[in-house]
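Asker: My structure is in input-v4.pdb, and what it holds is PDB, C-alpha atoms:
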MODEL        1
ATOM      1  CA  MET A   1       1.460  14.496  12.091
ATOM      2  CA  ASN A   2      -0.265  11.961   9.941
ATOM      3  CA  VAL A   3       2.358   9.385   9.015
ATOM      4  CA  ILE A   4       1.045   8.739   5.529
ATOM      5  CA  ASP A   5       0.933  12.443   4.672
ATOM      6  CA  ALA A   6       4.495  12.739   5.907
ATOM      7  CA  ILE A   7       5.649   9.890   3.691
ATOM      8  CA  LYS A   8       3.917  11.423   0.692
ATOM      9  CA  ARG A   9       5.338  14.859   1.359
ATOM     10  CA  GLU A  10       8.883  13.516   1.451
ATOM     11  CA  GLN A  11       8.520  12.292  -2.092
ATOM     12  CA  LEU A  12       7.422  15.590  -3.552
ATOM     13  CA  LYS A  13       9.809  17.283  -5.930
ATOM     14  CA  ALA A  14      10.792  20.805  -5.032
ATOM     15  CA  GLU A  15      11.003  22.327  -8.455
ATOM     16  CA  ILE A  16       7.755  21.545 -10.238
ATOM     17  CA  PRO A  17       6.534  24.602 -12.170
ATOM     18  CA  GLU A  18       2.947  25.619 -11.762
ATOM     19  CA  PHE A  19       0.759  24.609 -14.674
ATOM     20  CA  ARG A  20      -2.714  23.363 -15.337
ATOM     21  CA  SER A  21      -4.889  21.746 -17.974
ATOM     22  CA  GLY A  22      -4.640  23.479 -21.323
ATOM     23  CA  ASP A  23      -1.016  24.442 -20.853
ATOM     24  CA  THR A  24       1.589  23.066 -23.209
ATOM     25  CA  VAL A  25       4.467  21.396 -21.416
ATOM     26  CA  LYS A  26       7.705  19.671 -22.212
ATOM     27  CA  VAL A  27       8.234  16.549 -20.136
ATOM     28  CA  TYR A  28      11.762  15.167 -19.929
ATOM     29  CA  SER A  29      11.616  11.557 -18.840
ATOM     30  CA  LYS A  30      14.247   8.892 -18.544
ATOM     31  CA  ILE A  31      13.653   5.824 -20.648
ATOM     32  CA  VAL A  32      15.602   2.613 -20.899
ATOM     33  CA  GLU A  33      16.304   1.670 -24.475
ATOM     34  CA  GLY A  34      18.498  -1.242 -25.469
ATOM     35  CA  GLY A  35      19.909  -1.518 -21.967
ATOM     36  CA  LYS A  36      20.912   2.132 -21.988
ATOM     37  CA  GLU A  37      19.213   4.998 -20.294
ATOM     38  CA  ARG A  38      18.515   8.258 -22.031
ATOM     39  CA  THR A  39      16.271  11.255 -21.615
ATOM     40  CA  GLN A  40      13.327  11.705 -23.906
ATOM     41  CA  MET A  41      11.349  14.873 -24.345
ATOM     42  CA  PHE A  42       7.627  14.800 -24.939
ATOM     43  CA  GLU A  43       5.811  18.011 -25.671
ATOM     44  CA  GLY A  44       2.075  18.435 -25.728
ATOM     45  CA  VAL A  45      -1.048  19.814 -24.132
ATOM     46  CA  VAL A  46      -1.910  18.801 -20.585
ATOM     47  CA  ILE A  47      -5.400  17.368 -20.898
ATOM     48  CA  VAL A  48      -5.672  15.907 -17.391
ATOM     49  CA  TYR A  49      -4.009  16.990 -14.180
ATOM     50  CA  ASN A  50      -4.693  14.484 -11.443
ATOM     51  CA  GLY A  51      -3.656  15.913  -8.106
ATOM     52  CA  GLY A  52      -2.915  13.875  -5.055
ATOM     53  CA  SER A  53       0.367  15.069  -3.626
ATOM     54  CA  SER A  54       3.024  12.491  -4.470
ATOM     55  CA  ASP A  55       0.606  10.492  -6.636
ATOM     56  CA  ALA A  56      -0.117  13.443  -8.926
ATOM     57  CA  SER A  57      -0.161  12.565 -12.592
ATOM     58  CA  ILE A  58      -0.648  14.393 -15.850
ATOM     59  CA  THR A  59      -1.829  13.223 -19.226
ATOM     60  CA  VAL A  60      -0.135  15.004 -22.105
ATOM     61  CA  ARG A  61      -1.522  14.902 -25.624
ATOM     62  CA  ARG A  62       0.121  15.745 -28.865
ATOM     63  CA  VAL A  63      -0.656  15.009 -32.477
ATOM     64  CA  ALA A  64       2.288  13.549 -34.345
ATOM     65  CA  HIS A  65       2.082  12.616 -38.020
ATOM     66  CA  GLY A  66      -1.666  12.862 -37.860
ATOM     67  CA  VAL A  67      -1.904  10.416 -34.982
ATOM     68  CA  GLY A  68      -2.908  11.531 -31.525
ATOM     69  CA  ILE A  69      -0.541  10.376 -28.799
ATOM     70  CA  GLU A  70      -1.319  10.609 -25.120
ATOM     71  CA  LYS A  71       1.153   9.855 -22.415
ATOM     72  CA  THR A  72       0.600   9.769 -18.692
ATOM     73  CA  PHE A  73       3.386  10.801 -16.365
ATOM     74  CA  LEU A  74       3.667  10.669 -12.610
ATOM     75  CA  VAL A  75       4.706  14.214 -11.849
ATOM     76  CA  HIS A  76       6.859  13.332  -8.856
ATOM     77  CA  SER A  77       8.393  10.182 -10.276
ATOM     78  CA  PRO A  78      12.178  10.071 -10.269
ATOM     79  CA  ARG A  79      11.927   8.961 -13.896
ATOM     80  CA  VAL A  80      10.482  12.334 -14.837
ATOM     81  CA  GLU A  81      13.498  14.600 -14.811
ATOM     82  CA  LYS A  82      12.024  17.936 -15.590
ATOM     83  CA  ILE A  83       8.803  19.579 -16.665
ATOM     84  CA  GLU A  84       8.897  22.853 -18.570
ATOM     85  CA  VAL A  85       5.931  25.007 -19.389
ATOM     86  CA  SER A  86       6.163  26.254 -22.934
ATOM     87  CA  LYS A  87       2.716  27.828 -23.408
ATOM     88  CA  ARG A  88      -0.189  28.682 -21.188
ATOM     89  CA  GLY A  89      -3.671  28.087 -22.507
ATOM     90  CA  ILE A  90      -7.132  29.351 -21.717
ATOM     91  CA  VAL A  91      -9.567  26.525 -21.175
ATOM     92  CA  ARG A  92     -12.848  26.386 -19.342
ATOM     93  CA  ARG A  93     -12.734  22.862 -17.988
ATOM     94  CA  SER A  94     -10.166  20.761 -16.195
ATOM     95  CA  ARG A  95     -10.341  17.670 -18.372
ATOM     96  CA  LEU A  96      -9.915  18.338 -22.034
ATOM     97  CA  PHE A  97     -11.240  15.109 -23.455
ATOM     98  CA  PHE A  98     -13.060  17.079 -26.161
ATOM     99  CA  LEU A  99      -9.684  17.608 -27.819
ATOM    100  CA  LYS A 100      -9.621  13.939 -28.768
ATOM    101  CA  ASP A 101     -12.460  14.478 -31.224
ATOM    102  CA  ARG A 102     -10.911  17.518 -32.823
ATOM    103  CA  VAL A 103      -8.174  18.016 -35.319
ATOM    104  CA  GLY A 104      -6.571  21.012 -36.926
ATOM    105  CA  LYS A 105      -8.015  24.448 -36.306
ATOM    106  CA  SER A 106     -10.707  23.391 -33.908
ATOM    107  CA  ALA A 107      -8.142  21.698 -31.682
ATOM    108  CA  ARG A 108      -6.369  24.959 -30.958
ATOM    109  CA  ILE A 109      -6.302  26.451 -27.494
ATOM    110  CA  ARG A 110      -6.279  30.193 -26.934
ATOM    111  CA  GLU A 111      -3.081  31.368 -25.319
ATOM    112  CA  ARG A 112      -2.917  33.119 -21.988
ATOM    113  CA  LYS A 113      -0.395  35.861 -22.499
ATOM    114  CA  ALA A 114      -0.345  37.527 -19.099
ATOM    115  CA  ALA A 115       1.351  35.970 -16.126
ATOM    116  CA  PRO A 116      -1.041  33.497 -14.531
ATOM    117  CA  LYS A 117      -2.928  34.647 -11.521
ATOM    118  CA  ALA A 118      -1.640  33.169  -8.318
ATOM    119  CA  SER A 119      -3.877  30.274  -7.457
TER
ATOM    120  CA  MET B   1      15.308 -11.611  14.484
ATOM    121  CA  LYS B   2      12.929 -10.590  11.748
ATOM    122  CA  ASN B   3       9.754 -10.716  13.818
ATOM    123  CA  ILE B   4       7.930  -7.720  15.175
ATOM    124  CA  LEU B   5       4.536  -6.483  16.283
ATOM    125  CA  GLY B   6       2.985  -3.375  14.822
ATOM    126  CA  ARG B   7      -0.028  -1.292  14.040
ATOM    127  CA  LYS B   8      -1.400  -0.935  10.529
ATOM    128  CA  VAL B   9      -1.350   2.739   9.639
ATOM    129  CA  GLY B  10      -2.772   2.576   6.137
ATOM    130  CA  MET B  11      -1.817   2.367   2.511
ATOM    131  CA  THR B  12      -0.100   4.709   0.119
ATOM    132  CA  SER B  13       2.309   4.459  -2.771
ATOM    133  CA  VAL B  14       6.010   5.202  -2.888
ATOM    134  CA  PHE B  15       8.604   5.445  -5.606
ATOM    135  CA  THR B  16      11.277   2.771  -5.619
ATOM    136  CA  GLU B  17      14.859   3.534  -6.494
ATOM    137  CA  ASP B  18      14.369   2.390 -10.061
ATOM    138  CA  GLY B  19      11.509   4.838 -10.410
ATOM    139  CA  ARG B  20       8.508   2.573 -10.139
ATOM    140  CA  SER B  21       5.522   3.655  -8.109
ATOM    141  CA  VAL B  22       4.522   0.754  -5.895
ATOM    142  CA  PRO B  23       1.594   0.304  -3.508
ATOM    143  CA  VAL B  24       2.649  -0.153   0.092
ATOM    144  CA  THR B  25       1.081  -0.691   3.475
ATOM    145  CA  VAL B  26       2.585   1.404   6.236
ATOM    146  CA  ILE B  27       3.042  -0.466   9.500
ATOM    147  CA  GLU B  28       4.120   1.314  12.645
ATOM    148  CA  ALA B  29       6.164  -1.505  14.153
ATOM    149  CA  GLY B  30       7.869  -1.753  17.493
ATOM    150  CA  PRO B  31       9.903  -1.042  19.393
ATOM    151  CA  CYS B  32       9.108  -4.345  21.027
ATOM    152  CA  THR B  33      10.633  -5.812  24.141
ATOM    153  CA  VAL B  34      11.339  -9.469  24.655
ATOM    154  CA  VAL B  35       9.108 -10.109  27.640
ATOM    155  CA  GLU B  36       9.645 -13.830  27.916
ATOM    156  CA  ARG B  37      12.034 -16.471  26.653
ATOM    157  CA  ARG B  38      10.408 -19.882  26.473
ATOM    158  CA  THR B  39      12.787 -22.806  26.396
ATOM    159  CA  LYS B  40      12.527 -26.414  25.423
ATOM    160  CA  GLU B  41      13.699 -27.589  28.846
ATOM    161  CA  GLN B  42      11.266 -25.517  30.838
ATOM    162  CA  HIS B  43       8.234 -25.109  28.592
ATOM    163  CA  GLY B  44       8.572 -27.848  26.040
ATOM    164  CA  TYR B  45       9.254 -25.536  23.104
ATOM    165  CA  ASP B  46      11.454 -22.622  22.152
ATOM    166  CA  ALA B  47       9.831 -19.253  21.664
ATOM    167  CA  VAL B  48      10.310 -15.559  22.157
ATOM    168  CA  ALA B  49       7.442 -13.481  23.487
ATOM    169  CA  LEU B  50       7.430  -9.895  22.253
ATOM    170  CA  GLY B  51       5.582  -7.132  24.035
ATOM    171  CA  PHE B  52       4.248  -4.116  22.141
ATOM    172  CA  GLY B  53       2.805  -0.856  23.405
ATOM    173  CA  ALA B  54       2.673   0.641  26.859
ATOM    174  CA  VAL B  55      -0.160  -0.161  29.211
ATOM    175  CA  LYS B  56      -1.340   1.368  32.451
ATOM    176  CA  LYS B  57      -0.605  -0.748  35.496
ATOM    177  CA  THR B  58      -4.238  -0.446  36.551
ATOM    178  CA  ARG B  59      -5.382  -2.060  33.317
ATOM    179  CA  LEU B  60      -3.462  -5.249  33.949
ATOM    180  CA  THR B  61      -4.940  -8.244  35.647
ATOM    181  CA  ARG B  62      -3.084  -9.340  38.739
ATOM    182  CA  ALA B  63      -2.030 -12.485  36.973
ATOM    183  CA  LEU B  64      -0.504 -10.634  34.024
ATOM    184  CA  ALA B  65       1.131  -8.058  36.274
ATOM    185  CA  GLY B  66       2.708 -10.905  38.218
ATOM    186  CA  HIS B  67       3.916 -12.482  35.013
ATOM    187  CA  PHE B  68       5.649  -9.317  33.867
ATOM    188  CA  LYS B  69       7.107  -8.814  37.340
ATOM    189  CA  LYS B  70       8.517 -12.302  37.412
ATOM    190  CA  GLN B  71      10.268 -11.663  34.096
ATOM    191  CA  ASN B  72      11.359  -8.270  35.433
ATOM    192  CA  VAL B  73      10.162  -6.404  32.325
ATOM    193  CA  GLU B  74       7.854  -3.471  31.688
ATOM    194  CA  PRO B  75       4.243  -4.512  31.124
ATOM    195  CA  ALA B  76       3.140  -4.476  27.494
ATOM    196  CA  ARG B  77      -0.314  -4.084  26.021
ATOM    197  CA  VAL B  78       0.062  -6.874  23.505
ATOM    198  CA  VAL B  79       2.165  -9.985  23.876
ATOM    199  CA  ARG B  80       2.702 -12.514  21.113
ATOM    200  CA  GLU B  81       5.035 -15.475  20.859
ATOM    201  CA  PHE B  82       7.313 -16.209  17.919
ATOM    202  CA  ARG B  83       8.920 -19.573  17.271
ATOM    203  CA  ASN B  84      10.792 -18.902  14.046
ATOM    204  CA  ASP B  85      14.138 -17.092  13.652
ATOM    205  CA  ILE B  86      14.726 -16.600  17.375
ATOM    206  CA  ASP B  87      18.335 -17.683  17.854
ATOM    207  CA  GLY B  88      20.351 -15.538  20.225
ATOM    208  CA  VAL B  89      17.468 -13.341  21.305
ATOM    209  CA  GLU B  90      17.747 -12.544  25.000
ATOM    210  CA  LEU B  91      15.112 -11.635  27.535
ATOM    211  CA  GLY B  92      14.721  -7.876  27.827
ATOM    212  CA  ALA B  93      16.196  -7.165  24.386
ATOM    213  CA  THR B  94      14.569  -4.496  22.267
ATOM    214  CA  ILE B  95      13.469  -5.332  18.750
ATOM    215  CA  THR B  96      13.002  -2.458  16.323
ATOM    216  CA  VAL B  97      12.492  -2.154  12.591
ATOM    217  CA  SER B  98      16.270  -1.867  12.251
ATOM    218  CA  GLU B  99      16.203  -5.667  12.089
ATOM    219  CA  PHE B 100      14.559  -5.340   8.680
ATOM    220  CA  GLU B 101      15.848  -3.947   5.442
ATOM    221  CA  ALA B 102      14.440  -3.351   1.998
ATOM    222  CA  GLY B 103      14.071  -6.564   0.029
ATOM    223  CA  ASP B 104      13.380  -8.788   3.036
ATOM    224  CA  ARG B 105      10.486 -11.160   2.715
ATOM    225  CA  VAL B 106       7.962 -11.292   5.524
ATOM    226  CA  ASP B 107       4.634 -12.859   6.379
ATOM    227  CA  VAL B 108       2.098 -10.464   7.837
ATOM    228  CA  VAL B 109      -0.661 -11.740  10.110
ATOM    229  CA  GLY B 110      -3.731  -9.714  10.904
ATOM    230  CA  VAL B 111      -7.403 -10.039  11.674
ATOM    231  CA  SER B 112      -9.327  -9.342   8.483
ATOM    232  CA  LYS B 113     -11.951  -6.600   8.255
ATOM    233  CA  GLY B 114     -15.393  -7.633   9.474
ATOM    234  CA  HIS B 115     -18.146  -7.725   6.853
ATOM    235  CA  GLY B 116     -20.927  -8.978   9.134
ATOM    236  CA  PHE B 117     -23.411 -11.486   7.735
ATOM    237  CA  ALA B 118     -22.517 -11.475   4.061
ATOM    238  CA  GLY B 119     -24.188 -13.110   1.096
ATOM    239  CA  GLY B 120     -22.610 -15.529  -1.326
ATOM    240  CA  ILE B 121     -21.535 -12.876  -3.809
ATOM    241  CA  LYS B 122     -19.402 -10.941  -1.363
ATOM    242  CA  ARG B 123     -18.299 -13.912   0.701
ATOM    243  CA  HIS B 124     -17.556 -16.554  -1.924
ATOM    244  CA  ASN B 125     -17.406 -14.542  -5.154
ATOM    245  CA  PHE B 126     -20.609 -16.104  -6.487
ATOM    246  CA  LYS B 127     -21.758 -14.670  -9.777
ATOM    247  CA  GLY B 128     -25.357 -13.866  -8.905
ATOM    248  CA  GLY B 129     -28.283 -13.981 -11.287
ATOM    249  CA  PRO B 130     -29.359 -11.715 -14.149
ATOM    250  CA  ALA B 131     -30.545  -8.271 -13.112
ATOM    251  CA  SER B 132     -33.601  -8.204 -15.387
ATOM    252  CA  HIS B 133     -35.503 -10.076 -18.130
ATOM    253  CA  GLY B 134     -37.895 -11.527 -15.579
ATOM    254  CA  SER B 135     -35.144 -12.999 -13.474
ATOM    255  CA  MET B 136     -36.101 -13.328  -9.862
ATOM    256  CA  ILE B 137     -32.696 -14.483  -8.741
ATOM    257  CA  HIS B 138     -30.436 -11.488  -8.251
ATOM    258  CA  ARG B 139     -27.967 -11.908  -5.418
ATOM    259  CA  GLN B 140     -29.277 -15.199  -4.122
ATOM    260  CA  PRO B 141     -27.088 -18.272  -3.831
ATOM    261  CA  ALA B 142     -29.543 -20.148  -6.112
ATOM    262  CA  SER B 143     -29.096 -23.905  -6.159
ATOM    263  CA  ASN B 144     -27.948 -25.660  -3.027
ATOM    264  CA  GLY B 145     -27.022 -28.819  -4.880
ATOM    265  CA  ASP B 146     -28.352 -32.277  -5.527
ATOM    266  CA  THR B 147     -32.017 -32.705  -4.613
ATOM    267  CA  ASN B 148     -31.664 -36.489  -4.482
ATOM    268  CA  ALA B 149     -29.412 -36.151  -1.498
ATOM    269  CA  GLY B 150     -32.246 -34.571   0.449
ATOM    270  CA  ARG B 151     -29.816 -32.456   2.407
ATOM    271  CA  VAL B 152     -27.202 -29.799   1.787
ATOM    272  CA  ALA B 153     -23.710 -31.165   1.378
ATOM    273  CA  LYS B 154     -21.342 -30.395   4.208
ATOM    274  CA  GLY B 155     -18.898 -27.580   3.527
ATOM    275  CA  SER B 156     -21.187 -26.086   0.902
ATOM    276  CA  ARG B 157     -20.543 -22.375   0.520
ATOM    277  CA  ARG B 158     -23.457 -20.420   1.945
ATOM    278  CA  PRO B 159     -24.059 -16.878   3.139
ATOM    279  CA  GLY B 160     -22.825 -16.273   6.651
ATOM    280  CA  HIS B 161     -20.437 -14.342   8.786
ATOM    281  CA  TYR B 162     -17.542 -12.967   6.772
ATOM    282  CA  GLY B 163     -14.338 -11.402   7.983
ATOM    283  CA  VAL B 164     -12.712 -11.068  11.404
ATOM    284  CA  ASP B 165     -10.585 -14.115  10.636
ATOM    285  CA  ARG B 166      -6.933 -14.439  11.466
ATOM    286  CA  THR B 167      -5.378 -14.065   8.041
ATOM    287  CA  THR B 168      -1.784 -14.401   6.901
ATOM    288  CA  HIS B 169      -0.346 -12.812   3.819
ATOM    289  CA  GLN B 170       2.802 -14.659   2.926
ATOM    290  CA  ASN B 171       6.002 -13.585   1.274
ATOM    291  CA  LEU B 172       5.474  -9.834   1.185
ATOM    292  CA  GLU B 173       8.441  -7.688   0.287
ATOM    293  CA  VAL B 174       9.711  -5.022   2.664
ATOM    294  CA  VAL B 175      10.029  -1.896   0.547
ATOM    295  CA  ARG B 176      11.519   0.310   3.224
ATOM    296  CA  ALA B 177      12.334   0.216   6.914
ATOM    297  CA  ASP B 178      12.305   3.626   8.549
ATOM    298  CA  VAL B 179      14.179   3.259  11.825
ATOM    299  CA  GLU B 180      13.661   6.843  12.971
ATOM    300  CA  ARG B 181       9.899   6.667  12.850
ATOM    301  CA  ASN B 182       9.577   2.925  13.501
ATOM    302  CA  LEU B 183       7.871   2.390  10.174
ATOM    303  CA  LEU B 184       7.829  -0.661   7.977
ATOM    304  CA  LEU B 185       6.631  -0.279   4.397
ATOM    305  CA  VAL B 186       5.431  -3.575   2.999
ATOM    306  CA  LEU B 187       4.536  -4.157  -0.640
ATOM    307  CA  GLY B 188       0.827  -4.584  -1.206
ATOM    308  CA  PRO B 189      -2.108  -4.930   1.139
ATOM    309  CA  VAL B 190      -2.122  -6.404   4.612
ATOM    310  CA  PRO B 191      -5.135  -7.953   6.373
ATOM    311  CA  GLY B 192      -7.198  -5.913   8.788
ATOM    312  CA  PRO B 193      -8.515  -2.403   9.316
ATOM    313  CA  LYS B 194      -6.357   0.620  10.074
ATOM    314  CA  ASN B 195      -4.963   0.798  13.595
ATOM    315  CA  ALA B 196      -5.263  -2.967  13.971
ATOM    316  CA  LEU B 197      -2.519  -5.137  15.386
ATOM    317  CA  VAL B 198      -0.391  -6.859  12.776
ATOM    318  CA  ILE B 199       2.245  -9.486  13.365
ATOM    319  CA  VAL B 200       5.217  -9.331  11.020
ATOM    320  CA  ARG B 201       7.196 -12.555  10.808
ATOM    321  CA  LYS B 202      10.139 -13.727   8.825
ATOM    322  CA  SER B 203       8.676 -15.342   5.755
ATOM    323  CA  VAL B 204       8.583 -19.114   5.806
ATOM    324  CA  LYS B 205       8.782 -19.138   2.024
ATOM    325  CA  ALA B 206      11.488 -16.499   1.835
ATOM    326  CA  LYS B 207      14.143 -18.736   0.291
ATOM    327  CA  SER B 208      12.285 -19.398  -2.909
ATOM    328  CA  ALA B 209      11.489 -15.724  -3.275
ATOM    329  CA  VAL B 210      15.116 -14.675  -3.086
ATOM    330  CA  ALA B 211      16.112 -17.330  -5.597
ATOM    331  CA  GLU B 212      13.788 -15.997  -8.240
ATOM    332  CA  GLY B 213      15.179 -12.539  -7.552
TER
ENDMDL
END
Can you dump the structure from the file as structure tokens?
Answerer:
Amino acid sequence: MNVIDAIKREQLKAEIPEFRSGDTVKVYSKIVEGGKERTQMFEGVVIVYNGGSSDASITVRRVAHGVGIEKTFLVHSPRVEKIEVSKRGIVRRSRLFFLKDRVGKSARIRERKAAPKAS
Amino acid sequence: MKNILGRKVGMTSVFTEDGRSVPVTVIEAGPCTVVERRTKEQHGYDAVALGFGAVKKTRLTRALAGHFKKQNVEPARVVREFRNDIDGVELGATITVSEFEAGDRVDVVGVSKGHGFAGGIKRHNFKGGPASHGSMIHRQPASNGDTNAGRVAKGSRRPGHYGVDRTTHQNLEVVRADVERNLLLVLGPVPGPKNALVIVRKSVKAKSAVAEG
């Protein structure tokens, strides 16, 4: 087997839930603050899902106190403890950069109520 | 002995223990056999010759076959000598990546990728001229220097053959040594195309690197 693929596969996490752009997720990541390590939760809409096996990354956007915040996480990084899906959204493109220009009502995403189709 | 021969597999990124994602080059290294022990008394200098890769007997020249026979070792496809960090290495010994561990500093030697006949921009990082506004100098090397000299100064950087040079990257960190699969993961890029021979040596600058942590 291809050595590089094997190395990448070994680094994959087993328990990543399935989600895609438009879904709202909670990302629990470890951060070092004042020499101590703690877990921080960041909740927001996934606006970019970059695949790539062990290199996969997501960009999560949320609006806090009227300011848009986007954070990029490496999905399989040991610093990302857990990812939880809190809402599934209906969107028609994979990269939701249009959300950056919108605030309030127009920045809403329709919710997908039914269980997602296996994909 | 932290010297080994290997084959460049390619690049990827791995997570370190502290959670960083770092770029690494994967080198399939060894196992190598010590095919010759050169000594000061006999040859005028001390060295260890490592052999890497199996080779058909029919592919060997008579001379090489005789050489391997005289040393009483299996013929190897590639043989390279090492003169650093060779104390206590015996003829016939097998060198694997188990000699290395994460955090070691190594120099990696390879033959850089060939670029053919390359212009000044690619070969020497020249800036090139403006793309438009009537400019007629785009990727040309432009001035060759002083016209009073009546000749081009020696050593002046010109277009020409680029690549396929023996290149050493010094003081690279070993991120991981995978003994089971004979893999060496080295931080950052390494000269040469995939599948090319690379020589991994103990870093000559290693001391300073360890000191700075």
Asker: Within 10 Å of chain A, which residues belong to chain B? Use all atoms listed in the file and report them as number ranges by chain.
Answerer: B: 9-21, 25-28, 181, 183
Asker: Using all atoms listed in the file, determine which residues lie at most 12 Å from Gly120 of chain B, disregarding the query and same-chain residues fewer than 2 positions distant; provide the list as a ChimeraX atom specification.
Answerer: /B:117-118,122-129,138-144,156-162
Asker: Dump C-alpha atoms for the selected residues as a compact mmCIF listing (two decimals), in the frame of the given file?
Answerer:
# COMPACT_ATOMS: atom_id res chain seq x y z
CA PHE B 117 -23.41 -11.49 7.74
CA ALA B 118 -22.52 -11.48 4.06
CA LYS B 122 -19.40 -10.94 -1.36
CA ARG B 123 -18.30 -13.91 0.70
CA HIS B 124 -17.56 -16.55 -1.92
CA ASN B 125 -17.41 -14.54 -5.15
CA PHE B 126 -20.61 -16.10 -6.49
CA LYS B 127 -21.76 -14.67 -9.78
CA GLY B 128 -25.36 -13.87 -8.90
CA GLY B 129 -28.28 -13.98 -11.29
CA HIS B 138 -30.44 -11.49 -8.25
CA ARG B 139 -27.97 -11.91 -5.42
CA GLN B 140 -29.28 -15.20 -4.12
CA PRO B 141 -27.09 -18.27 -3.83
CA ALA B 142 -29.54 -20.15 -6.11
CA SER B 143 -29.10 -23.90 -6.16
CA ASN B 144 -27.95 -25.66 -3.03
CA SER B 156 -21.19 -26.09 0.90
CA ARG B 157 -20.54 -22.38 0.52
CA ARG B 158 -23.46 -20.42 1.94
CA PRO B 159 -24.06 -16.88 3.14
CA GLY B 160 -22.82 -16.27 6.65
CA HIS B 161 -20.44 -14.34 8.79
CA TYR B 162 -17.54 -12.97 6.77
Asker: Pick the closest to Phe73 of chain A from A:Ser86, A:Ser94, A:Ser53, A:Ser29: which is it, counting all atoms listed in the file?
Answerer: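 Among the listed residues, the smallest separation from Phe73 of chain A belongs to A:Ser29.
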Asker: List the residues selected by the PyMOL selection byres ((chain B and resi 39-42) around 12) in the file shown, writing them as a list in words.
Answerer: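 Checked against the file, the PyMOL selection byres ((chain B and resi 39-42) around 12) matches Glu36, Arg37, Arg38, His43, Gly44, Tyr45, Asp46, Ala47, Val48, Ala49, Arg83, Ile86, Asp87, Val89, Glu90 and Leu91 of chain B.
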Asker: What does the distance from atom CA of Ile4 of chain B to atom CA of Lys56 of chain B come to in Å, to one decimal?
Answerer: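 If I compute the distance from atom CA of Ile4 of chain B to atom CA of Lys56 of chain B, I get 21.6 Å.
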Asker: When the PyMOL selection byres ((chain B and resi 107) around 8) is applied to the structure above, which residues does it catch, written out as a compact mmCIF listing (two decimals) with C-alpha atoms, in the coordinates of the input?
Answerer:
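Just written: selection-v4.txt:
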# COMPACT_ATOMS: atom_id res chain seq x y z
CA ARG B 105 10.49 -11.16 2.72
CA VAL B 106 7.96 -11.29 5.52
CA VAL B 108 2.10 -10.46 7.84
CA VAL B 109 -0.66 -11.74 10.11
CA THR B 168 -1.78 -14.40 6.90
CA HIS B 169 -0.35 -12.81 3.82
CA GLN B 170 2.80 -14.66 2.93
CA ASN B 171 6.00 -13.58 1.27
CA LEU B 172 5.47 -9.83 1.18
CA VAL B 200 5.22 -9.33 11.02
CA ARG B 201 7.20 -12.56 10.81
CA LYS B 202 10.14 -13.73 8.82
CA SER B 203 8.68 -15.34 5.76
CA VAL B 204 8.58 -19.11 5.81
Asker: Show me, as an NGL selection string, the residues that have an atom within 12 Å of Ala64 of chain A when counting only C-alpha atoms, minus same-chain residues fewer than 3 positions from it.
Answerer: :A and (42-44 or 61 or 67-70 or 103-104)
Asker: Using all atoms listed in the file, find the one residue out of A:Val46, A:Ile58, A:Leu99, A:Ile109 that sits nearest to Thr24 of chain A.
Answerer: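 Comparing A:Val46, A:Ile58, A:Leu99, A:Ile109 against Thr24 of chain A, the winner is A:Val46.
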Asker: Residue by residue, what does the PyMOL selection byres ((chain A and resi 90) around 8) grab here? Present the result as a PDB file with C-alpha atoms, in the coordinates of the input.
Answerer:
ATOM      1  CA  GLY A  22      -4.640  23.479 -21.323  1.00  0.00           C
ATOM      2  CA  ASP A  23      -1.016  24.442 -20.853  1.00  0.00           C
ATOM      3  CA  ARG A  88      -0.189  28.682 -21.188  1.00  0.00           C
ATOM      4  CA  GLY A  89      -3.671  28.087 -22.507  1.00  0.00           C
ATOM      5  CA  VAL A  91      -9.567  26.525 -21.175  1.00  0.00           C
ATOM      6  CA  ARG A  92     -12.848  26.386 -19.342  1.00  0.00           C
ATOM      7  CA  ILE A 109      -6.302  26.451 -27.494  1.00  0.00           C
ATOM      8  CA  ARG A 110      -6.279  30.193 -26.934  1.00  0.00           C
ATOM      9  CA  GLU A 111      -3.081  31.368 -25.319  1.00  0.00           C
ATOM     10  CA  ARG A 112      -2.917  33.119 -21.988  1.00  0.00           C
TER      11      ARG A 112
END
Asker: Report, in Å to a single decimal, how far apart atom CA of Ala102 of chain B and atom CA of Val175 of chain B are.
Answerer: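 Separating atom CA of Val175 of chain B from atom CA of Ala102 of chain B is a distance of 4.9 Å.
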Asker: Quick one: axis-aligned box around all listed atoms of segment 5-23 of chain A, 3 Å on every side, centre and edge lengths in Å to one decimal, written as AutoDock Vina command-line options.
Answerer:
--center_x 3.1 --center_y 17.8 --center_z -7.7 --size_x 21.9 --size_y 21.7 --size_z 33.2
Asker: Could you tell me how far atom CA of Ile47 of chain A lies from atom CA of Arg9 of chain A, in Å and to one decimal?
Answerer: 24.8 Å
Asker: Quick one: of A:Gly34, A:Arg62, A:Asp101, A:Ile83, who's nearest to Phe19 of chain A, counting all atoms listed in the file?
Answerer: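 That would be A:Ile83, the residue with the smallest distance to Phe19 of chain A.
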Asker: Around the point (14.0, 21.8, -17.8), in the coordinates given by the file, pick out the residues reaching within 9 Å, counting only C-alpha atoms, and return them as a count of residues only.
Answerer: 8
